[in-house]
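Written below as structure tokens is the structure these notes are about.
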Amino acid sequence: MLGTTAGRLFWMFRNLERSENTARLVEAGLRIALTRSSSADQEWRSVVSTVGTTEHFLKTHDSFDSDVVIDYLLRNESNPLSVMSVVNAARENARGIRTALTREVWEATNECWMTLTDLLAKPIEGPDLPNALRTIKRESAYVRGAMHGTMTRNDMYDFARLGTFIERADNTARILDVKYYLLLPTVGHVGSRLDTVQWETILRAVSARRAYRWDASGEIDPSGIAKFVLLDRQMPRSLFFCVDKVAAKVAYLDSSYGTVAPSSVMARDLAARFETVEINEIFEIGLHEFLQQCIVDTGAIAQQLEQDYRFNV
Amino acid sequence: MLDAGDEPREPYGEYQSWFSAKDPSRLMAKSAEAEAVFRRTGITFTVYGDDSSTERLIPFDIVPRVLGAQEWARLERGIEQRVQALNAFLHDLYHRQEILRAGRIPSELIMRNEAFVQQMIGVSPPGGVYTHIVGIDLVRTGVDDFFVLEDNARTPSGVSYMLENRETMLHMFPELFSQVRVRSIGDYPRRLRQSLAASAPGSCAGRPTIAVLTPGVYNSAFFEHSFLADEMGVELVEGRDLRVVDGHLVMRTTQGLQQVDVLYRRVDDEYLDPLTFSPESMLGVPGLMDVYRAGNVTIANAPGTGVADDKAIYSYMPEIIEFYMGEPAILKNVETWRCVEPESLAYVLDHLSELVVKEVHGSGGYGMLIGPAASKTELADFADKLRANPANYIAQPTLALSTVPILTESGLAPRHVDLRPFVLVAPGSVSITPGGLTRVALEEGSLVVNSSQGGGTKDTWVLEA
């Protein structure tokens, strides 16, 4: 496989994962904004910060008004991380590697792009927003479904999955990091009342509310949520799950290529850290510090993959 | 499609009986469905200079164009003869130049031709094949009268539309294909691959590695490039994926560098190698021509084939065929005036309103004048251009082209068409896909079929004998 093809597969699936994550973040933000209008601006500020585009946003906007933020996150073409921008990019990646995609995956990607181009052609009115967000998530689910159902489990599949899990790990870490103060065991900081609605947004943002409910028998407590989102072995958006997948995928590449790539050593080290760490230790290190290190490490793995497999040169 | 008595010609008989039993509005609905299929599968092309929508669909008409077994057999013989002559001509031009010495073609027409590649002189491509893929554009003026309008010996495009048009028809009207016995075209990609593999350099041991070279996703024919690579199961590469290492062409893969033996390039000569041709080209591979001249890679089509298909050379094709094949051309040329010749120029200027004038190196229907459709000002402006640079133009009469039906809101209506059959050449073999790409001028009375100028396409059927 061409290095370029590997790079495009990786980025295609990173971009699709991003579009879905952004839709989910907006959905969670909307919920807070609807239930407690006083803190709506604060909530939207944290959503923009989670996506990692605060600086860019503030260049052209001066308030975190919900309509403005939603439009910025979904439609704004000058925002390289808006849903429209990442879907455009994913489709452009896909177009360049039609030889690496099954017809089903290509058509699902192309339809995703056509549907969202149409959907996001003009600003989304408030009442239409829930449906629009559902559509965004559904379209990327179609692509994923087509991939699972039709793609050969070879190195191409590994690069696609690496893109998904690197992006997802980064996203989950950012969600936790922006809300980490809510999860610090010293509850005193956030007021006397247990802020269950806020905690729930974290679970919503990673589609894990139901899973957590079953796992924790209904107990909503901050360190339980933190532990679940960080270290659960089964929830497909937990950090543990993501870094474990990344390590597994690079190990597959190692075995099919008969090499030990530097990126696989890095991924293995990161996964090993998650294997042994306890939630208490994480709080001792500092949740924020721990998450920042995760974000740096996954970023470094992504860069190393780019070099090891010659995405660009 | 109609004979002298306004009855459908014989090859259309079976289709006609199927069609007349159909409800026209249902067929119109099918037509819309076809468009949705094309859009979903991304069968698009790019129009240059149009930034509002860079990807467009080529309109598809659901009424097939039908050719009988016998008329096809005649065409096939003519095409094969022509393609063999083209290859013999190219070999001669880049070696002994017998045809120039014999005075059958003016030397300066070759020597001053931008498409004549000096670096190819004395180079023998692997297996002696210059044009691995050829598209011959044909038009028809009567039951037995086919004319060659143009030879495409550089990088003919459109074969993906031929294949997808058939796929779409099979998908929409499966029952039609059980009623009418149409020759299959589906093995074109496999044969293309075989043909390219058979043209690999002699030094290549084992199974040759083939790659398709594209200028990239923004090229108007990118869909076709990726389609063909995918259908053949070979890599689609851009210049940045390739480099020259130790005298071989290699591509950058996730596991290191891999040798490429055959490069099916969809990049023009001048961008192939910045060290040999256009130095600012980012699309090619520095050093590629050295690898080629050393016989370590096959480039399909060979560099320098364009000299055989420009419109000034075209007018000499009957002489060229006779010179190399020792027999008259089976397929006729359209009468052509070479404006570089003073008498011809005078004639063309006098009869401008009756003629079609084309640029010698033009393609895609750009830069041409259709006399009967032009205004007085347009004619006068064009006459000035002709006088300023006569060598740049040729002129042809407007032919009484045959028509075939298309489906419109108000039922079937006649439109002008051309036909581009696709030919594969490997050492010792020529193979022609039964059918080709039929392009159709969608506007009533129009003669321009180019997709960049609003033309559409149709499925093309060759009936079983």
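Residues in the structure tokens are numbered from 1 in each chain, the chains being A, B, ... in the order shown, and ligands are numbered from 1 in the order shown.
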
May I have the residues within 9 Å of Tyr252 of chain A as number ranges by chain, using only C-alpha atoms and disregarding those fewer than 4 positions away in the same chain? A: 154-155, 158, 247-248, 256-257

Would you list which chain A residues are within 9 Å of chain B using only C-alpha atoms, as a list in words? Met1, Leu2, Gly3, Thr4, Thr5, Ala6, Glu92, Arg95, Gly96, Ile97, Arg98, Thr99, Ala100, Arg103, Trp106, Glu107, Ala108, Asn110, Glu111, Met114, Tyr257, Asp308, Tyr309, Arg310, Phe311, Asn312 and Val313 of chain A

Mind pulling up the distance from atom CA of Glu270 of chain B to atom CA of Ala426 of chain B?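 Answer for the atom CA of Ala426 of chain B to atom CA of Glu270 of chain B separation: 24.3 Å.
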
Near Cys204 of chain B, within 12 Å and counting only C-alpha atoms, which residues show up once chain neighbours fewer than 5 positions away are dropped, as an MDAnalysis selection string? chainID B and resid 126 197:199 209:210 248 259:262 295:298

Got a sec: who's within 6 Å of Val139 of chain B, counting only C-alpha atoms, leaving out chain neighbours fewer than 4 positions off, as an NGL selection string? :B and (146-147 or 418)

Between atom CA of Ala271 of chain A and atom CA of Gln304 of chain A, what is the spacing in Å?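 Interatomic distance, atom CA of Gln304 of chain A to atom CA of Ala271 of chain A: 15.9 Å.
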
Within 7 Å of Val334 of chain B, counting only C-alpha atoms, which residues qualify if same-chain residues fewer than 6 places away don't, as an MDAnalysis selection string? chainID B and resid 147:149 396

Taking C-alpha atoms for each residue, export the selection above as a PDB file, in the first residue's frame.
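Resulting contents of selection.pdb:
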ATOM      1  CA  PHE B 147     -15.764   8.651 -40.874  1.00  0.00           C
ATOM      2  CA  VAL B 148     -12.862   9.000 -38.480  1.00  0.00           C
ATOM      3  CA  LEU B 149     -13.074  12.406 -36.865  1.00  0.00           C
ATOM      4  CA  GLN B 396     -13.600  20.404 -42.191  1.00  0.00           C
TER       5      GLN B 396
END

Could you list, as a PyMOL selection string, every residue within 12 Å of segment 335-337 of chain B, counting only C-alpha atoms and ignoring same-chain residues fewer than 4 positions away? chain B and resi 147-150+311-318+341-349+351-352+355-358+360+390-399

Selection to disk with N, CA and C atoms, as a compact mmCIF listing (two decimals), in the first residue's frame:
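Written file, part-v4.txt:
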# COMPACT_ATOMS: atom_id res chain seq x y z
N PHE B 147 -16.97 7.87 -40.66
CA PHE B 147 -15.76 8.65 -40.87
C PHE B 147 -14.99 8.73 -39.56
N VAL B 148 -13.67 8.74 -39.67
CA VAL B 148 -12.86 9.00 -38.48
C VAL B 148 -12.76 10.50 -38.32
N LEU B 149 -13.12 10.98 -37.13
CA LEU B 149 -13.07 12.41 -36.86
C LEU B 149 -11.74 12.77 -36.24
N GLU B 150 -11.21 11.85 -35.47
CA GLU B 150 -10.01 12.16 -34.69
C GLU B 150 -9.42 10.85 -34.16
N LYS B 311 -4.26 17.41 -35.32
CA LYS B 311 -5.24 17.49 -36.39
C LYS B 311 -4.61 17.75 -37.75
N ALA B 312 -3.36 18.24 -37.76
CA ALA B 312 -2.69 18.43 -39.04
C ALA B 312 -2.21 17.09 -39.57
N ILE B 313 -1.68 16.24 -38.69
CA ILE B 313 -1.25 14.89 -39.11
C ILE B 313 -2.47 14.07 -39.54
N TYR B 314 -3.56 14.28 -38.83
CA TYR B 314 -4.79 13.56 -39.14
C TYR B 314 -5.09 13.58 -40.63
N SER B 315 -4.89 14.76 -41.23
CA SER B 315 -5.27 14.88 -42.63
C SER B 315 -4.41 14.00 -43.53
N TYR B 316 -3.25 13.54 -43.01
CA TYR B 316 -2.40 12.66 -43.80
C TYR B 316 -2.63 11.17 -43.51
N MET B 317 -3.58 10.88 -42.62
CA MET B 317 -3.75 9.48 -42.22
C MET B 317 -3.99 8.52 -43.38
N PRO B 318 -4.76 8.89 -44.40
CA PRO B 318 -4.93 7.93 -45.52
C PRO B 318 -3.57 7.58 -46.15
N GLU B 341 -1.54 25.63 -45.77
CA GLU B 341 -1.34 25.69 -47.23
C GLU B 341 -2.15 26.85 -47.78
N PRO B 342 -1.49 27.74 -48.51
CA PRO B 342 -2.15 28.98 -48.93
C PRO B 342 -3.48 28.77 -49.67
N GLU B 343 -3.53 27.78 -50.61
CA GLU B 343 -4.79 27.58 -51.36
C GLU B 343 -5.90 27.15 -50.40
N SER B 344 -5.51 26.28 -49.44
CA SER B 344 -6.52 25.82 -48.50
C SER B 344 -7.02 26.96 -47.65
N LEU B 345 -6.08 27.79 -47.20
CA LEU B 345 -6.46 28.93 -46.36
C LEU B 345 -7.45 29.82 -47.11
N ALA B 346 -7.14 30.06 -48.39
CA ALA B 346 -8.02 30.92 -49.19
C ALA B 346 -9.42 30.30 -49.27
N TYR B 347 -9.45 28.99 -49.51
CA TYR B 347 -10.75 28.31 -49.61
C TYR B 347 -11.52 28.42 -48.29
N VAL B 348 -10.80 28.19 -47.20
CA VAL B 348 -11.45 28.20 -45.89
C VAL B 348 -12.01 29.59 -45.59
N LEU B 349 -11.21 30.62 -45.89
CA LEU B 349 -11.69 31.98 -45.61
C LEU B 349 -12.94 32.31 -46.44
N HIS B 351 -15.16 30.13 -47.44
CA HIS B 351 -16.31 29.28 -47.09
C HIS B 351 -16.49 29.12 -45.59
N LEU B 352 -16.00 30.11 -44.83
CA LEU B 352 -15.95 29.99 -43.38
C LEU B 352 -17.31 29.63 -42.76
N LEU B 355 -18.03 25.84 -42.70
CA LEU B 355 -17.02 24.88 -42.23
C LEU B 355 -16.91 24.85 -40.71
N VAL B 356 -16.30 23.77 -40.24
CA VAL B 356 -15.89 23.70 -38.83
C VAL B 356 -14.38 23.90 -38.81
N VAL B 357 -13.92 24.86 -38.01
CA VAL B 357 -12.48 25.11 -37.95
C VAL B 357 -11.99 24.73 -36.56
N LYS B 358 -10.89 23.97 -36.51
CA LYS B 358 -10.38 23.50 -35.23
C LYS B 358 -8.91 23.85 -35.06
N VAL B 360 -5.17 22.93 -34.25
CA VAL B 360 -4.43 21.71 -34.53
C VAL B 360 -4.18 20.91 -33.25
N PRO B 390 -2.20 30.79 -39.50
CA PRO B 390 -2.90 29.75 -40.25
C PRO B 390 -2.45 28.33 -39.89
N ALA B 391 -1.16 28.17 -39.54
CA ALA B 391 -0.66 26.82 -39.27
C ALA B 391 -1.33 26.18 -38.07
N ASN B 392 -1.99 27.02 -37.28
CA ASN B 392 -2.62 26.50 -36.06
C ASN B 392 -3.99 25.89 -36.30
N TYR B 393 -4.48 25.94 -37.57
CA TYR B 393 -5.87 25.52 -37.80
C TYR B 393 -6.02 24.54 -38.95
N ILE B 394 -7.06 23.73 -38.83
CA ILE B 394 -7.52 22.94 -39.96
C ILE B 394 -9.04 23.19 -40.07
N ALA B 395 -9.60 22.89 -41.23
CA ALA B 395 -11.05 23.07 -41.39
C ALA B 395 -11.66 21.83 -42.02
N GLN B 396 -12.89 21.56 -41.65
CA GLN B 396 -13.60 20.40 -42.19
C GLN B 396 -15.02 20.81 -42.54
N PRO B 397 -15.64 20.09 -43.51
CA PRO B 397 -17.04 20.42 -43.80
C PRO B 397 -17.92 19.99 -42.63
N THR B 398 -19.08 20.62 -42.47
CA THR B 398 -20.02 20.09 -41.48
C THR B 398 -20.73 18.91 -42.15
N LEU B 399 -20.66 17.77 -41.48
CA LEU B 399 -21.20 16.57 -42.08
C LEU B 399 -22.69 16.44 -41.76

DSSP-assigned alpha helix (DSSP H) among segment 268-458 of chain B, expressed as number ranges by chain: B: 269-272, 288-293, 311-314, 317-325, 342-350, 376-388

Residue contacts of Leu184 of chain A (12 Å, only C-alpha atoms) excluding same-chain residues fewer than 6 positions away, as number ranges by chain: A: 176-177, 190, 199, 221-227, 279-280, 282-288

Could those residues be written to a file, using N, CA and C atoms, as a PDB file, in the first residue's frame?
ATOM      1  N   LEU A 176     -12.961  15.278  29.178  1.00  0.00           N
ATOM      2  CA  LEU A 176     -12.695  15.150  30.615  1.00  0.00           C
ATOM      3  C   LEU A 176     -11.894  16.339  31.120  1.00  0.00           C
ATOM      4  N   ASP A 177     -10.944  16.762  30.321  1.00  0.00           N
ATOM      5  CA  ASP A 177     -10.054  17.827  30.770  1.00  0.00           C
ATOM      6  C   ASP A 177     -10.805  19.135  30.969  1.00  0.00           C
ATOM      7  N   VAL A 190     -17.308  22.811  43.720  1.00  0.00           N
ATOM      8  CA  VAL A 190     -18.397  23.104  42.784  1.00  0.00           C
ATOM      9  C   VAL A 190     -19.708  23.401  43.488  1.00  0.00           C
ATOM     10  N   TRP A 199     -22.453  16.478  35.495  1.00  0.00           N
ATOM     11  CA  TRP A 199     -21.716  15.215  35.341  1.00  0.00           C
ATOM     12  C   TRP A 199     -22.283  14.387  34.203  1.00  0.00           C
ATOM     13  N   ASP A 221     -21.548   9.322  40.900  1.00  0.00           N
ATOM     14  CA  ASP A 221     -20.592  10.040  41.741  1.00  0.00           C
ATOM     15  C   ASP A 221     -19.371  10.386  40.896  1.00  0.00           C
ATOM     16  N   PRO A 222     -18.743  11.532  41.197  1.00  0.00           N
ATOM     17  CA  PRO A 222     -17.706  12.042  40.309  1.00  0.00           C
ATOM     18  C   PRO A 222     -16.540  11.082  40.105  1.00  0.00           C
ATOM     19  N   SER A 223     -16.061  10.462  41.146  1.00  0.00           N
ATOM     20  CA  SER A 223     -14.877   9.648  40.875  1.00  0.00           C
ATOM     21  C   SER A 223     -15.281   8.372  40.144  1.00  0.00           C
ATOM     22  N   GLY A 224     -16.526   7.942  40.340  1.00  0.00           N
ATOM     23  CA  GLY A 224     -17.025   6.799  39.581  1.00  0.00           C
ATOM     24  C   GLY A 224     -17.080   7.123  38.099  1.00  0.00           C
ATOM     25  N   ILE A 225     -17.578   8.303  37.778  1.00  0.00           N
ATOM     26  CA  ILE A 225     -17.661   8.713  36.367  1.00  0.00           C
ATOM     27  C   ILE A 225     -16.263   8.838  35.772  1.00  0.00           C
ATOM     28  N   ALA A 226     -15.385   9.488  36.536  1.00  0.00           N
ATOM     29  CA  ALA A 226     -14.010   9.650  36.046  1.00  0.00           C
ATOM     30  C   ALA A 226     -13.377   8.288  35.779  1.00  0.00           C
ATOM     31  N   LYS A 227     -13.554   7.377  36.706  1.00  0.00           N
ATOM     32  CA  LYS A 227     -12.969   6.048  36.542  1.00  0.00           C
ATOM     33  C   LYS A 227     -13.539   5.350  35.309  1.00  0.00           C
ATOM     34  N   ILE A 279      -7.358   4.689  39.708  1.00  0.00           N
ATOM     35  CA  ILE A 279      -7.975   6.011  39.625  1.00  0.00           C
ATOM     36  C   ILE A 279      -7.433   6.950  40.710  1.00  0.00           C
ATOM     37  N   ASN A 280      -7.129   6.396  41.898  1.00  0.00           N
ATOM     38  CA  ASN A 280      -6.591   7.239  42.977  1.00  0.00           C
ATOM     39  C   ASN A 280      -5.251   7.865  42.604  1.00  0.00           C
ATOM     40  N   ILE A 282      -4.329   8.578  39.673  1.00  0.00           N
ATOM     41  CA  ILE A 282      -4.571   9.645  38.696  1.00  0.00           C
ATOM     42  C   ILE A 282      -4.946  10.937  39.418  1.00  0.00           C
ATOM     43  N   PHE A 283      -5.765  10.806  40.445  1.00  0.00           N
ATOM     44  CA  PHE A 283      -6.122  12.019  41.189  1.00  0.00           C
ATOM     45  C   PHE A 283      -4.924  12.587  41.937  1.00  0.00           C
ATOM     46  N   GLU A 284      -4.034  11.685  42.363  1.00  0.00           N
ATOM     47  CA  GLU A 284      -2.828  12.175  43.049  1.00  0.00           C
ATOM     48  C   GLU A 284      -1.914  12.934  42.086  1.00  0.00           C
ATOM     49  N   ILE A 285      -1.710  12.347  40.902  1.00  0.00           N
ATOM     50  CA  ILE A 285      -0.898  13.048  39.882  1.00  0.00           C
ATOM     51  C   ILE A 285      -1.571  14.375  39.534  1.00  0.00           C
ATOM     52  N   GLY A 286      -2.869  14.355  39.582  1.00  0.00           N
ATOM     53  CA  GLY A 286      -3.666  15.497  39.129  1.00  0.00           C
ATOM     54  C   GLY A 286      -4.367  15.082  37.853  1.00  0.00           C
ATOM     55  N   LEU A 287      -5.696  15.126  37.839  1.00  0.00           N
ATOM     56  CA  LEU A 287      -6.451  14.681  36.664  1.00  0.00           C
ATOM     57  C   LEU A 287      -6.060  15.498  35.433  1.00  0.00           C
ATOM     58  N   HIS A 288      -5.982  16.795  35.625  1.00  0.00           N
ATOM     59  CA  HIS A 288      -5.635  17.678  34.508  1.00  0.00           C
ATOM     60  C   HIS A 288      -4.266  17.302  33.934  1.00  0.00           C
TER      61      HIS A 288
END

Write out as an mmCIF file with C-alpha atoms, in the first residue's frame all residues of segment 237-354 of chain B that backbone DSSP assigns to strand (DSSP E or B).
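Listing of part.cif after writing:
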data_model
loop_
_atom_site.group_PDB
_atom_site.id
_atom_site.type_symbol
_atom_site.label_atom_id
_atom_site.label_comp_id
_atom_site.auth_asym_id
_atom_site.auth_seq_id
_atom_site.Cartn_x
_atom_site.Cartn_y
_atom_site.Cartn_z
ATOM 1 C CA VAL B 237 -0.174 7.135 -7.761
ATOM 2 C CA LEU B 242 7.128 8.072 -7.037
ATOM 3 C CA ARG B 243 10.851 8.582 -7.296
ATOM 4 C CA VAL B 244 13.820 7.216 -9.153
ATOM 5 C CA VAL B 245 16.255 5.085 -7.180
ATOM 6 C CA HIS B 248 14.446 2.184 -11.407
ATOM 7 C CA LEU B 249 11.090 3.787 -10.830
ATOM 8 C CA VAL B 250 9.819 3.104 -7.312
ATOM 9 C CA MET B 251 6.776 4.032 -5.280
ATOM 10 C CA ARG B 252 6.687 4.918 -1.608
ATOM 11 C CA THR B 253 4.692 2.322 0.305
ATOM 12 C CA GLY B 256 9.374 1.008 1.970
ATOM 13 C CA LEU B 257 10.046 1.468 -1.727
ATOM 14 C CA GLN B 258 8.577 -0.842 -4.338
ATOM 15 C CA GLN B 259 9.607 -1.044 -7.981
ATOM 16 C CA VAL B 262 4.555 -0.331 -16.016
ATOM 17 C CA LEU B 263 3.219 3.179 -15.589
ATOM 18 C CA TYR B 264 -0.157 3.866 -17.151
ATOM 19 C CA ARG B 265 0.146 7.607 -17.080
ATOM 20 C CA THR B 298 7.142 0.982 -19.617
ATOM 21 C CA ILE B 299 5.250 4.236 -20.001
ATOM 22 C CA ALA B 300 1.803 3.831 -21.520
ATOM 23 C CA LYS B 332 -12.519 7.166 -44.305
ATOM 24 C CA ASN B 333 -11.152 10.490 -43.120
ATOM 25 C CA TRP B 337 -8.203 21.654 -45.320
ATOM 26 C CA ARG B 338 -4.834 22.448 -43.804
#

Just give me the gap between atom CA of Pro279 of chain B and atom CA of Gln307 of chain A in Å, one decimal is fine.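 Atom CA of Pro279 of chain B sits 28.6 Å away from atom CA of Gln307 of chain A.
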
For Lys458 of chain B, which residue among B:Ala373, B:Val340, B:Ile406, B:Ile432 is the nearest when counting only C-alpha atoms?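 Looking at the shortest contact to Lys458 of chain B, the residue is B:Ile406.
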